[in-house]
Structures are given as structure tokens and as C-alpha cells.
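> Pasting in a structure now, in C-alpha cells, and then I'll have a few things to ask.
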Amino acid sequence: MIFIRDKKVLISLGGTFEPIDSVRGITNKSSGKMGLALAKQAYILGADVTLVVANVSVEISSLFDVIHVETSKEMADTIFEIVEDYDVFISTAAVSDFEVVERKDKKIGSDSSLAISLKPTIKIIRQIKNINPDIFLVGFKAEFNISRDEIIYCARKQIEDAGTDLVVANDVSHDECNFGSDKNEVLIIDDDVLSVPLATKDEVAKTIMNVISDKISCR
């Protein structure tokens with residue numbers, strides 16, 4: 001039995017862009033491919049899917065309700081406004097950890113050195129359970145060149161800090177698993193750890209959505 005059928009699923013994807021001046025900014029290499037693969041799989045399983053989309057390199061189907069955002073603040077404001085109405089939130093977006101303290105409203109000249117002051121952005125995932133305590137919350141952790149045990153520790157720290165029900169973690173330093181790749185290998189972590197070997201992101205998404213459906217059935 002598919003327990004995610006008819007559930008309202010919210011998925012964030014892509015990389016945020018934090019402006020420095022009118023043309024430059026801080027961003028990352030997130031493509032949105034994993035988030036879109038999860039959205040497709042949730043749709044196939046009968047869920048009602050909404051996407052909050054930052055900067056991506058994939059084409060988003062008109063099958064989905066889409067809300068476009070750019071900055072981490074725009075993503076936070078959007079998610080906080082609507083997340084109360086959802087049964088599941090899957091946070092695949094690569095949200096910037098920092099934003100510029102003082103954005104310039106014009107292009108900064110390139111003829112001199114430049115120092116930029118940064119401040120932390122809001123941790124979106126840590127606020128979700130305060131807004132919707134009953135939501136099934138799935139976090140993503142992309143780490144770089146650390147051990148399996150360290151990845152599991154980081155994932156369980158997120159579970160402790162944010163109340164996530166499940167964390168999908170991976171090491172983007174591995175071959176074929178970097179940002180923008182078409183494949184992935186992940187660990188699906190809660191009290192247990194499920195290793196998902198290297199496969200296409202569509203295949204990985206199918207495994208993740210099946211785990212989410214099974215976990216929902218046990219609540």
C-alpha cells in the first residue's frame with residue numbers, strides 16, 4: 001500500500017543566490033536534479049506536489065505547482081507561509097549559510113580590492129516543526145570528503161537540532177556524485193542507516209520515496 005498517495009508534499013530545490021551588488025552574488029553548484037527526481041516520484045505515487053524552486057539547471061514540468069525564489073530569505077519566507085498546509089516537506093535545496101550584511105544597489109567597481117562582511121542566514125529546516133509539528137520532515141545533508149561515520153553523525157545532529165524524521169546524506173566528493181551529476185549514492189538515516197548504492201537520481205529518488213511512504217505508515 002502506498003501511504004504517500006493523496007498527501008500534500010512540499011519540496012525545495014536548487015541553490016539560493018545571495019546578492020553582493022546589482023550583478024554579483026554568492027551561490028553554489030546545486031542543479032536541482034535530485035529534488036526534481038523526488039518530485040517526479042512523489043507525483044507518480046499519487047502525491048499532490050508543490051515545488052519551491054531556487055536557481056536550477058533543470059526544466060521544471062508544468063505538472064507541478066511551482067513557486068520561484070532567489071535568496072535564502074525569499075525561500076524561508078515562502079516556506080514558512082505555506083508549510084502548515086502540507087503533510088510532507090522534503091528539503092533538498094542548497095540554501096546558502098551566509099548572506100551579505102550590506103548589499104550594494106549598484107555594480108561595485110573592479111579596480112580595487114573588496115572586503116565583504118557576511119552574516120548567517122536563517123536555518124529553515126530548524127523552524128519547520130515549530131510551524132507544523134505533525135509534518136513528516138526530510139532533510140538533506142551534502143558533505144565533502146568525510147568518513148561514513150562522520151556523515152551519520154552530521155545527519156543525526158540535524159535530527160536532534162531540527163526534529164527531522166529522516167535525513168538523506170551524501171558525500172559530494174565521490175566520483176559521479178558531485179553537484180550537477182546524474183547519479184548519486186546516499187545514506188538514508190534515522191534510528192537506522194540504509195545505504196543506497198550508486199544509481200541514477202531517478203532510481204535513488206524511488207528508494208527515498210518508498211522509505212518515506214513506509215515511515216509514514218508507521219506513524
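Going through the C-alpha cells in order, the chains are called A, B, and so on, while each chain numbers its residues from 1 and the ligands are numbered from 1 in the order shown.
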Which of stretch 122-158 of chain A counts as strand (DSSP E or B) under DSSP, as a list in words please?
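Answer for stretch 122-158 of chain A, restricted to strand (DSSP E or B): Phe136, Leu137, Val138, Gly139, Phe140, Lys141, Ala142 and Glu143 of chain A.
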> So that I can check the secondary structure, give me every residue of chain A assigned helix (DSSP H, G or I) by backbone DSSP, as number ranges by chain.
A: 33-44, 72-85, 124-126, 128-131, 148-162, 201-217
> Would you mind telling me which residue in A:Ala142, A:Ile131, A:Val49, A:Ile2 lies nearest to A:Ser213 when using only C-alpha atoms?
A:Ile2
> Using only C-alpha atoms, which of A:Ser61, A:Thr78, A:Thr92, A:Asn145 sits nearest A:Gly15?
A:Thr92
> Which residues are close to A:Leu166, i.e. within 8 Å by only C-alpha atoms, leaving aside same-chain residues fewer than 2 positions away? Reply as a VMD selection string.
chain A and resid 137 to 139 159 164 168 188 to 190
> Go ahead and write the residues just picked, N, CA and C atoms, as an mmCIF file, in the first residue's frame.

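Heads up, here's the output in result36.cif:
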data_model
loop_
_atom_site.group_PDB
_atom_site.id
_atom_site.type_symbol
_atom_site.label_atom_id
_atom_site.label_comp_id
_atom_site.auth_asym_id
_atom_site.auth_seq_id
_atom_site.Cartn_x
_atom_site.Cartn_y
_atom_site.Cartn_z
ATOM 1 N N LEU A 137 9.158 15.405 8.093
ATOM 2 C CA LEU A 137 10.217 16.321 7.667
ATOM 3 C C LEU A 137 11.451 15.538 7.228
ATOM 4 N N VAL A 138 11.872 15.791 5.991
ATOM 5 C CA VAL A 138 13.034 15.105 5.418
ATOM 6 C C VAL A 138 14.109 16.140 5.101
ATOM 7 N N GLY A 139 15.277 15.967 5.709
ATOM 8 C CA GLY A 139 16.397 16.853 5.455
ATOM 9 C C GLY A 139 17.414 16.200 4.537
ATOM 10 N N ILE A 159 18.910 15.775 12.964
ATOM 11 C CA ILE A 159 17.692 15.201 13.539
ATOM 12 C C ILE A 159 17.461 15.760 14.944
ATOM 13 N N THR A 164 14.056 16.559 12.345
ATOM 14 C CA THR A 164 13.777 15.859 11.098
ATOM 15 C C THR A 164 13.462 14.391 11.374
ATOM 16 N N VAL A 168 18.634 12.411 4.402
ATOM 17 C CA VAL A 168 19.331 11.790 3.274
ATOM 18 C C VAL A 168 20.679 12.491 3.151
ATOM 19 N N ILE A 188 20.350 6.889 3.949
ATOM 20 C CA ILE A 188 19.055 7.333 4.478
ATOM 21 C C ILE A 188 19.073 7.014 5.966
ATOM 22 N N ILE A 189 18.983 8.069 6.766
ATOM 23 C CA ILE A 189 19.328 7.947 8.182
ATOM 24 C C ILE A 189 18.186 8.393 9.080
ATOM 25 N N ASP A 190 17.819 7.548 10.026
ATOM 26 C CA ASP A 190 17.045 7.939 11.214
ATOM 27 C C ASP A 190 17.638 7.128 12.359
#
> When distances are computed from only C-alpha atoms, which of A:Ile125, A:Leu198, A:Val58, A:Val9 shows the smallest separation from A:His174?
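The answer is A:Leu198, which sits nearest to A:His174.
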> Nearest residue to A:Phe179 out of A:Arg148, A:Ser113, A:Val56, A:Ile67, using only C-alpha atoms?
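Residue with the minimum atom-to-atom distance to A:Phe179: A:Val56.
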> Just how far from atom CA of A:Lys183 is atom CA of A:Ser195, in Å to one decimal?
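Interatomic distance here is 14.6 Å.
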> Could you tell me which of A:Glu203, A:Asp6, A:Asp21, A:Glu176 comes closest to A:Lys107 if we count only C-alpha atoms?
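The shortest atom-to-atom distance to A:Lys107 comes from A:Asp21.
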> Contacts of A:Ile146 at 12 Å or less, counting only C-alpha atoms, minus same-chain residues fewer than 6 places along, as a list in words?
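My reading of the contact set: Ile152, Tyr153, Cys154, Ala169, Asn170, Asp171, Val172, Ser173 and His174 of chain A.
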> For the residues in that selection, give me N, CA and C atoms as a PDB file, in the first residue's frame.

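As a result, selection37.pdb now contains:
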ATOM      1  N   ILE A 152      27.095  10.187   9.157  1.00  0.00           N
ATOM      2  CA  ILE A 152      25.986   9.741  10.012  1.00  0.00           C
ATOM      3  C   ILE A 152      25.858  10.644  11.231  1.00  0.00           C
ATOM      4  N   TYR A 153      26.993  11.025  11.819  1.00  0.00           N
ATOM      5  CA  TYR A 153      26.963  11.931  12.971  1.00  0.00           C
ATOM      6  C   TYR A 153      26.313  13.262  12.586  1.00  0.00           C
ATOM      7  N   CYS A 154      26.704  13.835  11.441  1.00  0.00           N
ATOM      8  CA  CYS A 154      26.147  15.121  11.000  1.00  0.00           C
ATOM      9  C   CYS A 154      24.640  15.011  10.752  1.00  0.00           C
ATOM     10  N   ALA A 169      21.760  11.737   3.291  1.00  0.00           N
ATOM     11  CA  ALA A 169      23.090  12.328   3.328  1.00  0.00           C
ATOM     12  C   ALA A 169      23.987  11.705   2.268  1.00  0.00           C
ATOM     13  N   ASN A 170      24.886  12.526   1.743  1.00  0.00           N
ATOM     14  CA  ASN A 170      25.849  12.000   0.782  1.00  0.00           C
ATOM     15  C   ASN A 170      27.120  12.821   0.815  1.00  0.00           C
ATOM     16  N   ASP A 171      28.158  12.263   0.198  1.00  0.00           N
ATOM     17  CA  ASP A 171      29.463  12.919   0.103  1.00  0.00           C
ATOM     18  C   ASP A 171      29.662  13.336  -1.347  1.00  0.00           C
ATOM     19  N   VAL A 172      29.604  14.643  -1.606  1.00  0.00           N
ATOM     20  CA  VAL A 172      29.687  15.129  -2.980  1.00  0.00           C
ATOM     21  C   VAL A 172      31.100  15.116  -3.534  1.00  0.00           C
ATOM     22  N   SER A 173      32.065  14.648  -2.738  1.00  0.00           N
ATOM     23  CA  SER A 173      33.424  14.488  -3.257  1.00  0.00           C
ATOM     24  C   SER A 173      33.594  13.170  -4.001  1.00  0.00           C
ATOM     25  N   HIS A 174      32.642  12.257  -3.862  1.00  0.00           N
ATOM     26  CA  HIS A 174      32.755  10.960  -4.517  1.00  0.00           C
ATOM     27  C   HIS A 174      32.552  11.093  -6.028  1.00  0.00           C
TER      28      HIS A 174
END
> From the list A:Val95, A:Val186, A:Val83, A:Cys177, which residue is nearest A:Ile135 when using only C-alpha atoms?
A:Val83
> Might you pull out every residue within 9 Å of A:Asp214, with only C-alpha atoms counted and same-chain residues fewer than 2 positions away left off, and present them as a list in words?
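Contacts, in chain order: Met1, Ile2, Phe3, Ile4, Met209, Asn210, Val211, Ile212, Ile216, Ser217 and Cys218 of chain A.
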> Could you check how far atom CA of A:Ser62 sits from atom CA of A:Asp48, in Å to one decimal?
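Distance between the two atoms: 13.3 Å.
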> Determine, counting only C-alpha atoms, which protein, DNA and RNA residues have an atom within 9 Å of an atom of A:Leu51; residues of the same chain fewer than 5 positions away are not included. Present the result as a VMD selection string.
chain A and resid 9 to 13 35 to 36 39 64 to 68
